[in-house]
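Working notes, structure below.
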Amino acid sequence: MLDEYRTALVTGASRGIGAAFARQLAAQGLDLVLVARSEAELQALADELAERHGVMAHVLVADLSAPSAAASLYRDVQALDLEIDLLVNNAGYSKAGLFAELAFDVQAGMVRLNVNTLVELTRLFLPDMRQRGRGGVINVASNAAFQPVPYMAVYAATKAFVLSFSEALAEEVAGDGVRVMALCPGATDTEFWTVAGTWQERRASMPGPGEVVAAGLRAFERGRSFFVPGFVNQVVAFFSSRVLPRRLVARLASQWFRDRG
């Protein structure tokens with residue numbers, strides 16, 4: 001499937017899982033549109049990929065949590081006269097803490113970025129893919145999508161939305177030559193935890209983003225509508241969403257995340 005694609009757009013591409021997507025897609029010969037807020041980091045990555053793999057890597061600086069950011073990004077891509085074959089909606093963030101005490105603008109921005117922008121970008125780029133009969137969307141969700149997570153309540157809820165949305169959309173476009181998949185990684189060694197303000201001390205035991213992305217791309221090529229990398233994460237997702245009582249799952253998650261900032 002990836003052999004048929006020429007250009008991929010990756011949001012949140014400056015570091016972590018987004019940068020791993022950029023590197024692995026470039027290694028497979030795809031040109032890239034790299035999107036994030038940090039121009040310096042994006043440009044350094046674009047230069048690296050162009051030199052190493054001989055691909056075109058366009059840099060578009062955007063704060064995708066802004067209400068009009070998705071439409072503006074789509075216009076910028078059109079101005080570059082590019083056809084996006086693969087959209088990787090990776091940009092997102094979390095902030096750990098009590099819902100009633102976290103600043104509302106932080107949580108509202110989380111919903112805008114993790115949900116609104118993801119939906120709008122998908123809505124903007126998907127019709128072009130369907131018209132060409134070729135394309136794909138990978139929405140980066142989380143293992144948190146399978147259960148409520150106290151102290152990361154809004155984040156987990158946004159990722160549950162991404163999972164449900166992606167699975168439904170995958171079925172809608174199944175006959176159009178387009179694939180949609182939710183990638184649901186567990187805890188991964190990225191700057192996500194620094195921003196979230198929790199679990200930094202556990203990063204050394206987490207898998208790296210390259211490992212997560214490699215497994216995710218293999219699952220995408222197999223036509224999966226969602227994928228959880230890692231056997232332990234798969235077991236956790238299964239039991240938390242299908243076996244254990246929801247109240248118990250929430251209580252167990254609470255014990256994991258309480259007072260870990």
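By convention in this document, the chains of the structure tokens carry letters A, B, ... by their order, each chain's residues are numbered from 1, and ligands are numbered from 1 in the order they are shown.
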Residues of region 15-56 of chain A within 8 Å of region 72-91 of chain A: nearest atom pair and distance (Å, one decimal) for each, counting only C-alpha atoms, sorted by chain and number, as JSON lines?
```
{"residue": "A:Ile17", "atom": "CA", "partner": "A:Asn90", "partner_atom": "CA", "distance": 7.4}
{"residue": "A:Gly18", "atom": "CA", "partner": "A:Asn90", "partner_atom": "CA", "distance": 6.0}
{"residue": "A:Ala36", "atom": "CA", "partner": "A:Ala91", "partner_atom": "CA", "distance": 7.8}
```
Exercise for review: Name the closest residue to Val115 (chain A) among the candidates A:Val59, A:Val154, A:Leu183, A:Ala170; distances are taken between atoms, counting only C-alpha atoms.
Suggested key: A:Val154
Practice item. Excluding Ala100 (chain A) and any residue of its chain fewer than 6 positions from it, enumerate the residues within 12 Å of it, using only C-alpha atoms, and give them as a list in words. Key: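 Here the answer would be Gln107, Pro150, Tyr151, Met152, Ala153 and Val154 of chain A.
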Now that the selection is made, can you save its residues with N, CA and C atoms as a PDB file, in the first residue's frame?
```pdb
ATOM      1  N   GLN A 107      -7.469  22.576  28.816  1.00  0.00           N
ATOM      2  CA  GLN A 107      -8.281  21.415  28.476  1.00  0.00           C
ATOM      3  C   GLN A 107      -9.091  21.659  27.199  1.00  0.00           C
ATOM      4  N   PRO A 150      -8.831   8.551  35.140  1.00  0.00           N
ATOM      5  CA  PRO A 150      -8.844   9.669  36.087  1.00  0.00           C
ATOM      6  C   PRO A 150      -7.497  10.373  36.126  1.00  0.00           C
ATOM      7  N   TYR A 151      -7.526  11.667  36.296  1.00  0.00           N
ATOM      8  CA  TYR A 151      -6.354  12.545  36.300  1.00  0.00           C
ATOM      9  C   TYR A 151      -5.800  12.781  34.904  1.00  0.00           C
ATOM     10  N   MET A 152      -6.351  12.127  33.903  1.00  0.00           N
ATOM     11  CA  MET A 152      -6.122  12.487  32.501  1.00  0.00           C
ATOM     12  C   MET A 152      -7.469  12.323  31.784  1.00  0.00           C
ATOM     13  N   ALA A 153      -8.513  12.814  32.421  1.00  0.00           N
ATOM     14  CA  ALA A 153      -9.880  12.508  32.002  1.00  0.00           C
ATOM     15  C   ALA A 153     -10.197  13.024  30.609  1.00  0.00           C
ATOM     16  N   VAL A 154      -9.827  14.266  30.327  1.00  0.00           N
ATOM     17  CA  VAL A 154     -10.144  14.841  29.021  1.00  0.00           C
ATOM     18  C   VAL A 154      -9.318  14.177  27.933  1.00  0.00           C
TER      19      VAL A 154
END
```
Practice item. As number ranges by chain, please: all residues of region 96-162 of chain A that backbone DSSP puts in strand (DSSP E or B). Key: A: 135-140
Dump N, CA and C atoms for the selected residues as a PDB file, in the first residue's frame?
```pdb
ATOM      1  N   GLY A 135      -5.415   6.429  -1.095  1.00  0.00           N
ATOM      2  CA  GLY A 135      -5.031   7.267   0.034  1.00  0.00           C
ATOM      3  C   GLY A 135      -5.239   6.574   1.359  1.00  0.00           C
ATOM      4  N   GLY A 136      -4.783   7.240   2.401  1.00  0.00           N
ATOM      5  CA  GLY A 136      -4.925   6.677   3.729  1.00  0.00           C
ATOM      6  C   GLY A 136      -4.832   7.734   4.798  1.00  0.00           C
ATOM      7  N   VAL A 137      -5.415   7.413   5.945  1.00  0.00           N
ATOM      8  CA  VAL A 137      -5.383   8.289   7.120  1.00  0.00           C
ATOM      9  C   VAL A 137      -4.985   7.431   8.317  1.00  0.00           C
ATOM     10  N   ILE A 138      -3.968   7.851   9.026  1.00  0.00           N
ATOM     11  CA  ILE A 138      -3.598   7.232  10.298  1.00  0.00           C
ATOM     12  C   ILE A 138      -3.823   8.265  11.392  1.00  0.00           C
ATOM     13  N   ASN A 139      -4.755   7.978  12.285  1.00  0.00           N
ATOM     14  CA  ASN A 139      -5.044   8.850  13.414  1.00  0.00           C
ATOM     15  C   ASN A 139      -4.379   8.262  14.660  1.00  0.00           C
ATOM     16  N   VAL A 140      -3.497   9.021  15.267  1.00  0.00           N
ATOM     17  CA  VAL A 140      -2.805   8.525  16.449  1.00  0.00           C
ATOM     18  C   VAL A 140      -3.705   8.734  17.661  1.00  0.00           C
TER      19      VAL A 140
END
```
Exercise for review: Could you give me, as an NGL selection string, the residues within 10 Å of Ala156 (chain A), counting only C-alpha atoms and dropping anything in the same chain fewer than 3 positions from it?
Suggested key: :A and (94 or 141-153 or 159-162)
Practice item. Find the residues around region 204-217 of chain A up to 6 Å (only C-alpha atoms counted), leave out those fewer than 5 positions away in its own chain, and share them as a ChimeraX atom specification. Key: /A:16-17,20,188-189
Exercise for review: Between A:Gln24, A:Ser14, A:Ser225, A:Ser65, single out the one closest to Ala44 (chain A), counting only C-alpha atoms.
Suggested key: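 Closest to Ala44 (chain A), using only C-alpha atoms: A:Ser14.
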Tell me, counting only C-alpha atoms, for each residue of region 57-169 of chain A within 8 Å of region 29-35 of chain A, which pair of atoms is nearest and how far apart they are in Å to one decimal, in rows ordered by chain and increasing number, as a Markdown table.
```
| residue | atom | partner | partner_atom | distance |
| --- | --- | --- | --- | --- |
| A:Ala57 | CA | A:Leu32 | CA | 4.6 |
| A:His58 | CA | A:Val33 | CA | 4.7 |
| A:Val59 | CA | A:Leu34 | CA | 5.0 |
| A:Leu60 | CA | A:Val35 | CA | 5.0 |
| A:Val61 | CA | A:Val35 | CA | 5.7 |
| A:Ala62 | CA | A:Val35 | CA | 6.5 |
```
Please, could you write that set of residues out with N, CA and C atoms as a short mmCIF file (atom, residue, chain, number, x, y, z; two decimals), in the first residue's frame?
```
data_model
loop_
_atom_site.label_atom_id
_atom_site.label_comp_id
_atom_site.auth_asym_id
_atom_site.auth_seq_id
_atom_site.Cartn_x
_atom_site.Cartn_y
_atom_site.Cartn_z
N ALA A 57 10.92 17.49 1.43
CA ALA A 57 10.31 17.63 2.75
C ALA A 57 9.93 19.09 2.95
N HIS A 58 8.65 19.38 2.85
CA HIS A 58 8.14 20.74 2.99
C HIS A 58 7.83 21.02 4.46
N VAL A 59 8.14 22.22 4.91
CA VAL A 59 7.91 22.62 6.29
C VAL A 59 6.77 23.64 6.34
N LEU A 60 5.76 23.33 7.13
CA LEU A 60 4.65 24.26 7.36
C LEU A 60 4.49 24.45 8.86
N VAL A 61 4.71 25.66 9.32
CA VAL A 61 4.62 25.97 10.74
C VAL A 61 3.19 26.36 11.08
N ALA A 62 2.61 25.68 12.07
CA ALA A 62 1.22 25.97 12.43
C ALA A 62 0.95 25.54 13.85
#
```
Exercise for review: Identify all residues of region 27-190 of chain A in alpha helix (DSSP H) (DSSP on the backbone) and supply them as a ChimeraX atom specification.
Suggested key: /A:27,39-53,69-79,104-111,118-132,153-172
Written selection (C-alpha atoms) as a short mmCIF file (atom, residue, chain, number, x, y, z; two decimals), in the first residue's frame:
```cif
data_model
loop_
_atom_site.label_atom_id
_atom_site.label_comp_id
_atom_site.auth_asym_id
_atom_site.auth_seq_id
_atom_site.Cartn_x
_atom_site.Cartn_y
_atom_site.Cartn_z
CA ALA A 27 12.98 5.88 4.16
CA GLU A 39 10.14 25.88 12.71
CA ALA A 40 13.74 25.20 13.71
CA GLU A 41 13.10 21.58 14.64
CA LEU A 42 11.00 20.98 11.54
CA GLN A 43 13.60 22.49 9.23
CA ALA A 44 16.38 20.42 10.81
CA LEU A 45 14.33 17.27 10.29
CA ALA A 46 13.44 18.25 6.72
CA ASP A 47 17.11 18.85 5.89
CA GLU A 48 18.08 15.51 7.44
CA LEU A 49 15.49 13.57 5.46
CA ALA A 50 16.21 15.31 2.18
CA GLU A 51 19.95 14.59 2.53
CA ARG A 52 19.57 11.01 3.74
CA HIS A 53 16.76 9.79 1.50
CA ALA A 69 -5.64 26.14 11.72
CA ALA A 70 -6.91 23.13 9.77
CA ALA A 71 -8.43 25.15 6.95
CA SER A 72 -5.34 27.33 6.74
CA LEU A 73 -3.10 24.27 6.55
CA TYR A 74 -5.20 22.78 3.77
CA ARG A 75 -4.89 26.02 1.79
CA ASP A 76 -1.13 26.03 2.30
CA VAL A 77 -0.88 22.48 0.95
CA GLN A 78 -2.98 23.45 -2.07
CA ALA A 79 -0.67 26.42 -2.67
CA PHE A 104 -10.00 25.24 31.35
CA ASP A 105 -8.18 26.84 28.41
CA VAL A 106 -5.58 24.06 28.58
CA GLN A 107 -8.28 21.42 28.48
CA ALA A 108 -10.29 23.19 25.77
CA GLY A 109 -7.15 23.45 23.65
CA MET A 110 -6.64 19.73 24.13
CA VAL A 111 -10.11 19.01 22.76
CA LEU A 118 -8.09 15.92 13.57
CA VAL A 119 -11.68 15.68 12.32
CA GLU A 120 -11.41 18.81 10.19
CA LEU A 121 -8.13 17.80 8.55
CA THR A 122 -9.58 14.39 7.77
CA ARG A 123 -12.69 15.99 6.29
CA LEU A 124 -10.59 18.32 4.15
CA PHE A 125 -8.15 15.76 2.72
CA LEU A 126 -10.35 12.65 2.53
CA PRO A 127 -12.57 13.70 -0.43
CA ASP A 128 -9.47 14.23 -2.58
CA MET A 129 -8.27 10.72 -1.71
CA ARG A 130 -11.63 9.18 -2.52
CA GLN A 131 -11.76 10.98 -5.84
CA ARG A 132 -8.34 9.59 -6.76
CA ALA A 153 -9.88 12.51 32.00
CA VAL A 154 -10.14 14.84 29.02
CA TYR A 155 -7.18 13.33 27.21
CA ALA A 156 -8.51 9.77 27.50
CA ALA A 157 -11.94 10.91 26.35
CA THR A 158 -10.47 12.61 23.27
CA LYS A 159 -8.61 9.44 22.35
CA ALA A 160 -11.75 7.34 22.80
CA PHE A 161 -13.36 9.67 20.28
CA VAL A 162 -10.45 9.24 17.86
CA LEU A 163 -10.69 5.46 18.07
CA SER A 164 -14.46 5.35 17.49
CA PHE A 165 -14.29 7.94 14.71
CA SER A 166 -11.49 6.10 12.91
CA GLU A 167 -13.19 2.70 13.06
CA ALA A 168 -16.44 4.13 11.71
CA LEU A 169 -14.66 6.02 8.95
CA ALA A 170 -12.65 2.96 7.95
CA GLU A 171 -15.89 1.15 7.23
CA GLU A 172 -17.37 4.09 5.31
#
```
Review point. Which distance in Å separates CA of Thr117 (chain A) and CA of Leu64 (chain A), to one decimal?
Key: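 About the pair CA of Thr117 (chain A) and CA of Leu64 (chain A): they are 6.6 Å apart.
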**Study point:** Nearest residue to Glu221 (chain A) from the set A:Leu9, A:Asn114, A:Val178, A:Met1 (distances using only C-alpha atoms)
**Key:**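 Checking each of A:Leu9, A:Asn114, A:Val178, A:Met1 against Glu221 (chain A), counting only C-alpha atoms, the winner is A:Met1.
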Exercise for review: Record the distance separating CA of Asp176 (chain A) and CA of Arg134 (chain A), expressed in Å with one decimal.
Suggested key: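 Result for CA of Asp176 (chain A) versus CA of Arg134 (chain A): 7.6 Å, one decimal.
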